[in-house]
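Structure data follow from protein35.tsv (TSV, C-alpha atoms):
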```tsv
chain	number	residue	atom	x	y	z
A	40	MET	CA	83.73	81.13	138.11
A	41	SER	CA	80.48	81.71	136.23
A	42	PRO	CA	80.63	81.98	132.39
A	43	ALA	CA	79.21	85.52	132.61
A	44	LEU	CA	82.06	86.66	134.90
A	45	ALA	CA	84.66	84.92	132.71
A	46	GLU	CA	83.24	86.72	129.67
A	47	ARG	CA	83.35	90.06	131.51
A	48	ILE	CA	87.01	89.50	132.35
A	49	TYR	CA	87.74	88.56	128.74
A	50	ARG	CA	85.96	91.69	127.48
A	51	PHE	CA	88.21	93.69	129.79
A	52	LEU	CA	91.31	91.91	128.41
A	53	LEU	CA	90.18	92.80	124.89
A	54	ARG	CA	91.10	96.42	125.67
A	55	ALA	CA	94.71	95.43	125.05
A	56	TYR	CA	93.89	95.29	121.31
A	57	PRO	CA	93.71	98.36	119.04
A	58	PRO	CA	90.20	99.93	118.96
A	59	ALA	CA	89.78	99.39	115.20
A	60	PHE	CA	90.65	95.69	115.56
A	61	ARG	CA	88.28	95.39	118.54
A	62	SER	CA	85.39	96.91	116.66
A	63	GLU	CA	86.02	94.63	113.66
A	64	TYR	CA	86.70	91.32	115.43
A	65	GLY	CA	85.71	91.88	119.09
A	66	ARG	CA	82.29	90.23	118.77
A	67	GLU	CA	83.74	87.19	116.98
A	68	MET	CA	86.50	86.89	119.58
A	69	VAL	CA	83.95	86.93	122.41
A	70	LEU	CA	81.94	84.22	120.61
A	71	LEU	CA	85.09	82.13	120.30
A	72	PHE	CA	85.89	82.70	123.97
A	73	ARG	CA	82.37	81.53	124.88
A	74	ASP	CA	83.01	78.36	122.89
A	75	GLN	CA	86.30	77.87	124.72
A	76	CYS	CA	84.51	78.35	128.07
A	77	ARG	CA	81.94	75.71	127.09
A	78	GLU	CA	84.74	73.29	126.20
A	79	GLY	CA	87.27	73.99	128.92
A	80	ASP	CA	86.99	74.77	132.58
A	81	ALA	CA	87.14	78.53	133.10
A	82	ARG	CA	87.85	77.95	136.80
A	83	THR	CA	91.29	76.44	136.20
A	84	LEU	CA	94.57	78.34	136.23
A	85	GLY	CA	95.66	76.60	133.02
A	86	PHE	CA	92.65	77.95	131.11
A	87	TRP	CA	93.39	81.55	132.13
A	88	ALA	CA	97.13	81.11	131.55
A	89	ALA	CA	96.32	80.13	127.92
A	90	VAL	CA	93.91	83.09	127.52
A	91	ILE	CA	96.40	85.63	128.93
A	92	SER	CA	99.27	84.11	126.93
A	93	ASP	CA	97.19	84.53	123.73
A	94	VAL	CA	96.47	88.20	124.54
A	95	VAL	CA	100.12	88.91	125.47
A	96	ARG	CA	101.38	87.26	122.26
A	97	SER	CA	98.92	88.84	119.82
A	98	ALA	CA	97.92	92.28	121.16
A	99	PRO	CA	101.35	94.05	121.08
A	100	ALA	CA	101.97	93.01	117.45
A	101	LEU	CA	98.52	94.28	116.41
A	102	ARG	CA	99.14	97.56	118.29
A	103	VAL	CA	102.44	98.03	116.44
A	104	GLU	CA	100.71	97.29	113.11
A	105	ALA	CA	97.98	99.84	113.94
A	106	TRP	CA	100.61	102.49	114.74
A	107	GLY	CA	102.41	101.62	111.52
A	108	SER	CA	99.30	102.05	109.39
A	109	ARG	CA	98.47	105.31	111.22
A	110	ALA	CA	101.99	106.59	110.41
A	111	THR	CA	101.40	105.71	106.74
A	112	GLU	CA	98.10	107.62	106.81
A	113	ASN	CA	99.82	110.60	108.48
A	114	ASN	CA	102.56	110.54	105.85
A	115	ARG	CA	99.90	110.55	103.12
A	116	THR	CA	98.10	113.50	104.75
A	117	MET	CA	101.41	115.34	105.16
A	118	GLY	CA	102.15	114.72	101.48
A	119	VAL	CA	98.83	116.29	100.44
A	120	LEU	CA	99.39	119.25	102.80
A	121	MET	CA	102.89	119.77	101.40
A	122	LYS	CA	101.50	119.83	97.84
A	123	LEU	CA	98.87	122.39	98.86
A	124	THR	CA	101.53	124.50	100.62
A	125	ALA	CA	103.73	124.28	97.52
A	126	MET	CA	100.86	125.48	95.29
A	127	VAL	CA	100.10	128.39	97.65
A	128	THR	CA	103.82	129.25	97.68
A	129	VAL	CA	103.95	129.30	93.87
A	130	LEU	CA	100.87	131.55	93.81
A	131	LEU	CA	102.27	133.91	96.45
A	132	GLY	CA	105.63	133.96	94.65
A	133	VAL	CA	103.89	135.08	91.43
A	134	LEU	CA	101.84	137.67	93.35
A	135	SER	CA	104.96	138.92	95.10
A	136	VAL	CA	106.79	139.42	91.77
A	137	LEU	CA	103.72	141.18	90.28
A	138	ASN	CA	103.32	143.36	93.40
A	139	THR	CA	106.97	144.44	93.27
A	140	GLY	CA	106.60	145.10	89.54
A	141	VAL	CA	103.61	147.38	90.23
A	142	GLU	CA	105.59	149.19	92.95
A	143	LEU	CA	108.51	149.54	90.53
A	144	GLY	CA	106.15	151.02	87.91
A	145	ALA	CA	104.71	153.47	90.41
A	146	ALA	CA	108.16	154.49	91.61
A	147	ALA	CA	109.39	154.95	88.02
A	148	THR	CA	107.03	157.95	87.61
A	149	GLN	CA	109.19	159.77	90.17
A	150	THR	CA	112.90	159.87	90.85
A	151	ILE	CA	113.94	156.57	92.43
A	152	LEU	CA	116.54	156.65	95.14
A	153	GLY	CA	119.38	154.12	94.89
A	154	ALA	CA	118.35	152.25	98.06
A	155	HIS	CA	114.70	152.06	96.92
A	156	ALA	CA	115.70	150.71	93.51
A	157	VAL	CA	117.94	148.04	95.12
A	158	SER	CA	115.19	147.05	97.56
A	159	LEU	CA	112.69	146.67	94.69
A	160	ALA	CA	115.15	144.55	92.73
A	161	LEU	CA	115.73	142.40	95.83
A	162	GLY	CA	111.94	142.08	96.20
A	163	VAL	CA	111.62	140.76	92.64
A	164	PHE	CA	114.43	138.22	93.24
A	165	ALA	CA	112.85	137.19	96.55
A	166	GLY	CA	109.51	136.60	94.77
A	167	VAL	CA	111.19	134.53	92.03
A	168	LEU	CA	113.01	132.46	94.68
A	169	LEU	CA	109.73	131.87	96.54
A	170	LEU	CA	108.19	130.72	93.26
A	171	ALA	CA	111.17	128.38	92.69
A	172	ALA	CA	110.82	127.04	96.25
A	173	GLY	CA	107.15	126.25	95.58
A	174	VAL	CA	108.05	124.38	92.38
A	175	ALA	CA	110.82	122.46	94.21
A	176	MET	CA	108.39	121.51	97.00
A	177	LEU	CA	106.07	119.92	94.45
A	178	SER	CA	108.71	117.21	93.96
A	179	PRO	CA	108.47	115.01	97.09
A	180	THR	CA	112.14	113.92	97.06
A	181	PRO	CA	114.96	114.77	99.50
A	182	ARG	CA	116.66	116.77	96.71
A	183	GLY	CA	113.46	118.74	96.10
A	184	ARG	CA	113.13	119.50	99.82
A	185	GLN	CA	116.79	120.58	100.01
A	186	ALA	CA	116.41	122.86	96.95
A	187	ALA	CA	113.22	124.34	98.45
A	188	ARG	CA	115.00	125.01	101.79
A	189	LEU	CA	117.85	126.85	100.03
A	190	ALA	CA	115.47	128.91	97.87
A	191	VAL	CA	113.29	129.85	100.87
A	192	LEU	CA	116.35	130.80	102.95
A	193	ALA	CA	117.77	132.95	100.12
A	194	SER	CA	114.35	134.58	99.62
A	195	LEU	CA	114.15	135.39	103.35
A	196	VAL	CA	117.66	136.91	103.38
A	197	MET	CA	116.81	139.07	100.34
A	198	ILE	CA	113.52	140.34	101.71
A	199	VAL	CA	115.12	141.19	105.09
A	200	ALA	CA	117.88	143.10	103.24
A	201	ALA	CA	115.20	144.90	101.15
A	202	ARG	CA	113.29	145.77	104.36
A	203	LEU	CA	116.47	147.21	105.93
A	204	LEU	CA	117.18	149.27	102.78
A	205	PHE	CA	113.57	150.47	102.39
A	206	PRO	CA	111.76	150.65	105.79
A	207	TRP	CA	108.45	151.80	104.18
A	208	MET	CA	107.70	148.39	102.74
A	209	SER	CA	103.97	147.53	102.78
A	210	ILE	CA	102.57	145.28	105.55
A	211	LEU	CA	101.39	142.72	102.96
A	212	SER	CA	104.85	142.52	101.39
A	213	GLN	CA	106.40	142.00	104.83
A	214	LEU	CA	103.85	139.33	105.76
A	215	VAL	CA	104.34	137.42	102.52
A	216	GLY	CA	108.06	138.09	102.24
A	217	ILE	CA	109.10	137.35	105.85
A	218	GLY	CA	106.21	135.42	107.47
A	219	LEU	CA	105.73	132.87	104.68
A	220	PRO	CA	109.44	131.84	104.39
A	221	VAL	CA	109.65	131.44	108.19
A	222	VAL	CA	106.60	129.12	108.15
A	223	LEU	CA	107.98	127.24	105.13
A	224	LEU	CA	111.38	126.74	106.81
A	225	ILE	CA	109.66	125.25	109.88
A	226	VAL	CA	107.62	122.93	107.63
A	227	LEU	CA	110.64	121.93	105.54
A	228	TYR	CA	112.89	121.24	108.54
A	229	TRP	CA	110.16	119.30	110.39
A	230	PRO	CA	111.27	115.66	110.88
A	231	HIS	CA	109.95	113.64	107.93
A	232	LYS	CA	109.09	110.09	109.06
A	233	THR	CA	108.85	107.27	106.56
A	234	SER	CA	106.69	104.23	107.16
A	235	THR	CA	108.53	101.02	108.08
A	236	LEU	CA	105.51	98.88	107.34
A	237	GLY	CA	105.96	96.91	104.15
A	238	ALA	CA	103.27	95.29	102.04
A	239	ALA	CA	101.73	92.24	103.68
B	164	MET	CA	68.15	133.75	88.37
B	165	THR	CA	68.70	131.53	91.44
B	166	PRO	CA	69.27	127.88	90.66
B	167	ALA	CA	66.71	125.36	91.93
B	168	PRO	CA	67.75	123.76	95.26
B	169	LEU	CA	69.13	120.25	94.93
B	170	ASP	CA	67.00	117.36	96.11
B	171	PRO	CA	68.73	116.10	99.32
B	172	GLY	CA	67.77	112.53	98.42
B	173	LEU	CA	69.47	112.87	95.04
B	174	VAL	CA	72.60	114.34	96.69
B	175	TRP	CA	72.69	111.42	99.10
B	176	ARG	CA	72.27	108.90	96.28
B	177	VAL	CA	75.05	110.54	94.23
B	178	ASP	CA	77.31	110.57	97.32
B	179	SER	CA	76.64	106.92	98.08
B	180	TYR	CA	77.26	105.94	94.44
B	181	TYR	CA	80.51	107.89	94.54
B	182	ILE	CA	81.60	106.18	97.79
B	183	GLU	CA	80.67	102.78	96.34
B	184	TYR	CA	82.56	103.57	93.13
B	185	ARG	CA	85.62	104.69	95.13
B	186	TYR	CA	85.43	101.52	97.24
B	187	ILE	CA	85.26	99.29	94.16
B	188	GLU	CA	88.06	101.28	92.52
B	189	GLU	CA	90.33	100.99	95.58
B	190	ARG	CA	89.61	97.24	95.90
B	191	ALA	CA	90.48	96.88	92.21
B	192	ILE	CA	93.79	98.72	92.77
B	193	VAL	CA	94.61	96.43	95.74
B	194	ARG	CA	93.70	93.34	93.69
B	195	LYS	CA	95.82	94.57	90.76
B	196	ARG	CA	98.79	95.17	93.08
B	197	GLN	CA	98.31	91.72	94.63
B	198	ALA	CA	97.93	90.10	91.22
B	199	GLY	CA	101.39	91.39	90.34
B	200	ARG	CA	102.99	89.50	93.26
B	201	PRO	CA	103.83	85.85	92.66
B	202	PRO	CA	102.65	83.39	95.38
B	203	GLU	CA	106.31	82.76	96.31
B	204	ALA	CA	106.59	86.41	97.43
B	205	TYR	CA	104.38	85.58	100.45
B	206	LEU	CA	106.62	82.71	101.65
B	207	PRO	CA	107.57	81.45	104.15
B	208	LEU	CA	104.23	81.54	105.95
B	209	PRO	CA	104.36	81.70	109.76
B	210	PRO	CA	103.22	78.35	111.32
B	211	ALA	CA	99.90	79.75	112.63
B	212	THR	CA	99.13	81.25	109.22
B	213	PHE	CA	99.84	77.98	107.40
B	214	HIS	CA	97.64	76.08	109.84
B	215	ILE	CA	94.75	78.48	109.14
B	216	VAL	CA	95.31	78.32	105.38
B	217	LEU	CA	95.35	74.49	105.60
B	218	ALA	CA	92.09	74.52	107.54
B	219	LEU	CA	90.47	76.72	104.87
B	220	ALA	CA	91.77	74.56	102.01
B	221	ASP	CA	88.73	72.26	102.44
B	222	GLY	CA	86.24	75.11	102.13
B	223	GLU	CA	84.72	77.98	104.07
B	224	LEU	CA	84.82	77.88	107.88
B	225	HIS	CA	84.06	80.20	110.79
B	226	GLY	CA	86.60	81.11	113.49
B	227	TYR	CA	85.68	78.36	115.95
B	228	ALA	CA	85.68	75.69	113.23
B	229	ILE	CA	89.16	76.84	112.13
B	230	MET	CA	90.38	76.62	115.73
B	231	LYS	CA	88.95	73.10	116.13
B	232	ASP	CA	90.39	71.96	112.79
B	233	VAL	CA	93.89	73.21	113.68
B	234	ALA	CA	93.76	71.58	117.14
B	235	ALA	CA	92.53	68.27	115.67
B	236	ARG	CA	95.09	68.18	112.83
B	237	SER	CA	98.01	69.01	115.14
B	238	GLU	CA	96.74	66.48	117.72
B	239	GLY	CA	96.35	69.29	120.24
B	240	THR	CA	99.91	70.61	119.95
B	241	VAL	CA	98.79	73.86	118.24
B	242	ARG	CA	96.01	75.73	120.03
B	243	LEU	CA	95.10	79.05	118.47
B	244	GLY	CA	93.57	81.56	120.86
B	245	PRO	CA	91.04	84.16	119.65
B	246	GLY	CA	93.71	86.91	119.45
B	247	THR	CA	96.16	84.86	117.39
B	248	LEU	CA	93.39	83.50	115.16
B	249	TYR	CA	91.69	86.81	114.34
B	250	GLY	CA	95.01	88.71	114.19
B	251	THR	CA	96.21	86.24	111.55
B	252	LEU	CA	92.86	86.30	109.69
B	253	LYS	CA	93.03	90.12	109.59
B	254	ARG	CA	96.50	89.97	107.97
B	255	LEU	CA	95.34	87.29	105.51
B	256	LEU	CA	92.31	89.40	104.56
B	257	GLU	CA	94.48	92.47	104.04
B	258	ALA	CA	96.91	90.48	101.89
B	259	GLY	CA	94.01	89.19	99.78
B	260	LEU	CA	94.71	85.51	100.59
B	261	VAL	CA	91.41	85.04	102.43
B	262	GLU	CA	87.99	86.62	101.97
B	263	GLU	CA	84.79	86.72	103.97
B	264	SER	CA	82.12	84.51	102.46
B	265	GLY	CA	79.20	85.68	104.57
B	266	GLU	CA	77.73	85.72	108.03
B	267	ARG	CA	75.26	83.11	109.26
B	268	ALA	CA	74.55	80.81	112.18
B	269	ASP	CA	76.32	77.46	112.25
B	270	PRO	CA	73.57	74.82	111.70
B	271	GLU	CA	75.45	72.42	114.03
B	272	ARG	CA	75.77	74.92	116.86
B	273	GLY	CA	72.59	76.87	116.10
B	274	ASP	CA	73.64	79.94	118.07
B	275	GLU	CA	74.62	83.47	117.02
B	276	ARG	CA	75.60	84.43	113.48
B	277	ARG	CA	79.27	83.90	112.69
B	278	ARG	CA	81.49	85.19	109.93
B	279	TYR	CA	82.71	82.58	107.47
B	280	TYR	CA	86.08	82.80	105.73
B	281	GLN	CA	87.40	81.15	102.56
B	282	LEU	CA	90.61	81.10	100.56
B	283	THR	CA	90.88	83.30	97.48
B	284	PRO	CA	92.50	81.88	94.30
B	285	LEU	CA	95.68	83.73	95.34
B	286	GLY	CA	95.44	82.22	98.84
B	287	LEU	CA	95.14	78.74	97.33
B	288	SER	CA	98.23	79.35	95.14
B	289	VAL	CA	100.18	80.58	98.19
B	290	ALA	CA	99.09	77.50	100.19
B	291	ARG	CA	100.26	75.22	97.35
B	292	ALA	CA	103.59	77.07	97.07
B	293	GLU	CA	104.17	76.80	100.84
B	294	ALA	CA	103.28	73.07	100.79
B	295	ARG	CA	105.78	72.52	97.94
B	296	ARG	CA	108.46	74.45	99.87
B	297	LEU	CA	107.90	72.39	103.02
B	298	ASP	CA	107.79	69.18	101.00
B	299	ALA	CA	111.19	69.99	99.44
B	300	MET	CA	112.62	70.63	102.91
B	301	VAL	CA	111.23	67.35	104.27
B	302	ARG	CA	112.70	65.45	101.30
B	303	ALA	CA	116.07	67.10	101.94
B	304	ALA	CA	115.86	66.15	105.63
B	305	ARG	CA	115.00	62.57	104.64
B	306	ARG	CA	118.00	62.40	102.27
B	307	LYS	CA	120.20	63.49	105.17
B	308	LYS	CA	118.56	60.71	107.22
B	309	LEU	CA	117.26	63.21	109.77
B	310	ILE	CA	113.80	61.64	109.54
B	311	GLY	CA	112.39	58.32	108.38
B	312	ILE	CA	114.80	56.17	110.40
B	313	ARG	CA	114.28	54.64	113.82
B	314	PRO	CA	116.10	56.51	116.61
B	315	VAL	CA	118.93	54.46	118.11
```
Let me see whether you can do it: turn the structure in this file into structure tokens.
Amino acid sequence: MSPALAERIYRFLLRAYPPAFRSEYGREMVLLFRDQCREGDARTLGFWAAVISDVVRSAPALRVEAWGSRATENNRTMGVLMKLTAMVTVLLGVLSVLNTGVELGAAATQTILGAHAVSLALGVFAGVLLLAAGVAMLSPTPRGRQAARLAVLASLVMIVAARLLFPWMSILSQLVGIGLPVVLLIVLYWPHKTSTLGAA
Amino acid sequence: MTPAPLDPGLVWRVDSYYIEYRYIEERAIVRKRQAGRPPEAYLPLPPATFHIVLALADGELHGYAIMKDVAARSEGTVRLGPGTLYGTLKRLLEAGLVEESGERADPERGDERRRYYQLTPLGLSVARAEARRLDAMVRAARRKKLIGIRPV
């Protein structure tokens, strides 16, 4: 077997390694393989058995390490996204309370029906609960997530009850009051993976 | 009044300084975290890792020279392939035990440029700690007469 063909086969075998590792050490590995070819006989079965054994022993471990570090990166990204979501939730909770307050003020100029008054009160509570959920989400602990889930669920129940009592609720209030808690519940119940890769 | 447009060259320079600053800052954080770990925290070293660390104890070497050194010292019983060698070097670099000392052609081989690696002060401390650990084990084995006597 010519050295050029042996090198081509080795370059093909290098695909077993993670792309990042290949781009960092691929050239050096090929240089080392060339040295090995110069020293040993690339035509023998023993030479290729040693080459394949090296790939089989090292590539899977490096793949697992690459997946591990990717999971750590993903967890970090998810953490940042959760913080941003929590901040938006706090903001929308404040806006929701203010919006209901404005509606309450407008309704106070006329005679408020019992059902309308209850729905407005429920709206205020729902906004406060959304605000509390946002604050709880800012703490990245299992207890914080659990508290946020409960607050979001309670907020959703209240806003649905308010919508049933007062069907003329504004589209924005319905979007923020019902849509946002549904999205938050999906996010909060999404499986949260932790990295198993320790420090080297 | 509309503000004057920013010089793209200046923006690029500021960006590159920022990236460089972030890189230095992150390296400093990694070094600080590593500095907090005693050398014993890295033990025991896997056999291939200790062989590489031993090879680098004499000074900087490139991959092929490390491979040759390990094969010579172990009288051919340990043969590191490129995957095992560079996989281990990657882990040692990430742990801060080894660092790259440059890239140049080997004057003896006179071919393509190769990356040279050397032990960091932490790497040297870890190598010493591992040698002490192995030495204590060998002494214990000798006391139990497992080695140092002629087989019957």
Hey, which bits of chain A sit within 8 Å of chain B, and for each residue what's the closest pair of atoms and how far apart in Å (one decimal), counting only C-alpha atoms, rows by chain and increasing number, as CSV?
```
residue,atom,partner,partner_atom,distance
A:Tyr64,CA,B:Tyr249,CA,6.8
A:Glu67,CA,B:Arg277,CA,7.0
A:Met68,CA,B:Pro245,CA,5.3
A:Leu71,CA,B:Tyr227,CA,5.8
A:Phe72,CA,B:Pro245,CA,6.9
A:Asp74,CA,B:Tyr227,CA,7.4
A:Ala89,CA,B:Gly244,CA,7.7
A:Val90,CA,B:Gly244,CA,6.8
A:Asp93,CA,B:Gly244,CA,5.5
A:Val94,CA,B:Gly246,CA,5.9
A:Arg96,CA,B:Thr247,CA,7.5
A:Ser97,CA,B:Thr247,CA,5.4
A:Ala98,CA,B:Gly246,CA,7.0
A:Leu101,CA,B:Gly250,CA,6.9
A:Ala238,CA,B:Ala258,CA,8.0
A:Ala239,CA,B:Ala258,CA,5.4
```
Query raised in the report: So which residues touch A:Leu214 within 12 Å, counting all atoms listed in the file, skipping near sequence neighbours fewer than 3 positions away, as a ChimeraX atom specification?
Result: /A:131,135,195,198-199,202,208-211,217-222
Requested in this report: Between atom CA of B:Pro284 and atom CA of B:Ala211, measure the distance and give it in Å to one decimal.
Outcome: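 These atoms are spaced 19.9 Å apart.
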Query raised in the report: Leaving out A:Arg102 and any residue of its chain fewer than 2 positions from it, which residues lie within 10 Å of it when counting all atoms listed in the file, given as a PyMOL selection string?
Result: chain A and resi 55-58+60+97-100+104-108
Report task. Extract, using all atoms listed in the file, all DNA, RNA and protein residues at most 10 Å from A:Leu192, discarding same-chain residues fewer than 6 positions from it, and format them as a list in words. Result ->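 Returned residues: Ala165, Leu168, Leu169, Ala172, Ala186, Pro220, Val221, Leu223 and Leu224 of chain A.
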Requested in this report: Could you jot down the atom CA of A:Val163 to atom CA of A:Thr139 separation for me, Å, one decimal place?
Outcome: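 Atom-to-atom, atom CA of A:Val163 and atom CA of A:Thr139 are spaced 6.0 Å apart.
The residue that comes closest to A:Leu134, out of A:Gln185, A:Met40, A:Gly162, A:Ala200 and on the basis of all atoms listed in the file, is A:Gly162.
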Requested in this report: Could you jot down the atom CA of A:Ala146 to atom CA of A:Ala171 separation for me, Å, one decimal place?
Outcome: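 Atom CA of A:Ala171 lies at a distance of 26.3 Å from atom CA of A:Ala146.
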Could you write out as AutoDock Vina command-line options the box around stretch 235-248 of chain B (axis-aligned, all atoms listed in the file, 3 Å on each side), with centre and edge lengths in Å to one decimal?
```
--center_x 95.5 --center_y 76.7 --center_z 116.8 --size_x 14.9 --size_y 26.4 --size_z 14.0
```
All heavy atoms for stretch 281-289 of chain B, written as a short mmCIF file (atom, residue, chain, number, x, y, z; two decimals), in the frame of the given file, could you do that?
```cif
data_model
loop_
_atom_site.label_atom_id
_atom_site.label_comp_id
_atom_site.auth_asym_id
_atom_site.auth_seq_id
_atom_site.Cartn_x
_atom_site.Cartn_y
_atom_site.Cartn_z
N GLN B 281 86.96 82.14 103.56
CA GLN B 281 87.40 81.15 102.56
C GLN B 281 88.65 81.65 101.86
O GLN B 281 88.93 82.86 101.86
CB GLN B 281 86.28 80.88 101.55
CG GLN B 281 85.94 82.07 100.68
CD GLN B 281 84.79 81.78 99.73
OE1 GLN B 281 84.00 80.86 99.95
NE2 GLN B 281 84.67 82.58 98.69
N LEU B 282 89.39 80.72 101.27
CA LEU B 282 90.61 81.10 100.56
C LEU B 282 90.25 81.75 99.22
O LEU B 282 89.29 81.34 98.58
CB LEU B 282 91.46 79.86 100.26
CG LEU B 282 92.28 79.25 101.39
CD1 LEU B 282 93.08 78.07 100.85
CD2 LEU B 282 93.21 80.25 102.02
N THR B 283 91.04 82.72 98.82
CA THR B 283 90.88 83.30 97.48
C THR B 283 91.75 82.46 96.53
O THR B 283 92.58 81.67 97.00
CB THR B 283 91.38 84.76 97.46
OG1 THR B 283 92.76 84.74 97.83
CG2 THR B 283 90.59 85.64 98.41
N PRO B 284 91.61 82.63 95.21
CA PRO B 284 92.50 81.88 94.30
C PRO B 284 93.98 82.15 94.61
O PRO B 284 94.81 81.23 94.57
CB PRO B 284 92.11 82.41 92.91
CG PRO B 284 90.68 82.82 93.07
CD PRO B 284 90.57 83.35 94.46
N LEU B 285 94.30 83.41 94.98
CA LEU B 285 95.68 83.73 95.34
C LEU B 285 96.09 82.98 96.61
O LEU B 285 97.19 82.43 96.70
CB LEU B 285 95.83 85.25 95.56
CG LEU B 285 97.19 85.72 96.04
CD1 LEU B 285 98.28 85.49 95.00
CD2 LEU B 285 97.16 87.21 96.42
N GLY B 286 95.18 82.93 97.59
CA GLY B 286 95.44 82.22 98.84
C GLY B 286 95.72 80.74 98.59
O GLY B 286 96.62 80.17 99.20
N LEU B 287 94.95 80.15 97.66
CA LEU B 287 95.14 78.74 97.33
C LEU B 287 96.52 78.52 96.68
O LEU B 287 97.23 77.57 97.00
CB LEU B 287 94.02 78.29 96.38
CG LEU B 287 93.84 76.79 96.21
CD1 LEU B 287 93.51 76.12 97.52
CD2 LEU B 287 92.75 76.51 95.18
N SER B 288 96.91 79.46 95.79
CA SER B 288 98.23 79.35 95.14
C SER B 288 99.34 79.46 96.18
O SER B 288 100.34 78.74 96.10
CB SER B 288 98.41 80.47 94.10
OG SER B 288 97.36 80.45 93.21
N VAL B 289 99.16 80.39 97.15
CA VAL B 289 100.18 80.58 98.19
C VAL B 289 100.27 79.31 99.05
O VAL B 289 101.36 78.86 99.38
CB VAL B 289 99.86 81.83 99.03
CG1 VAL B 289 100.77 81.92 100.25
CG2 VAL B 289 100.00 83.09 98.20
#
```
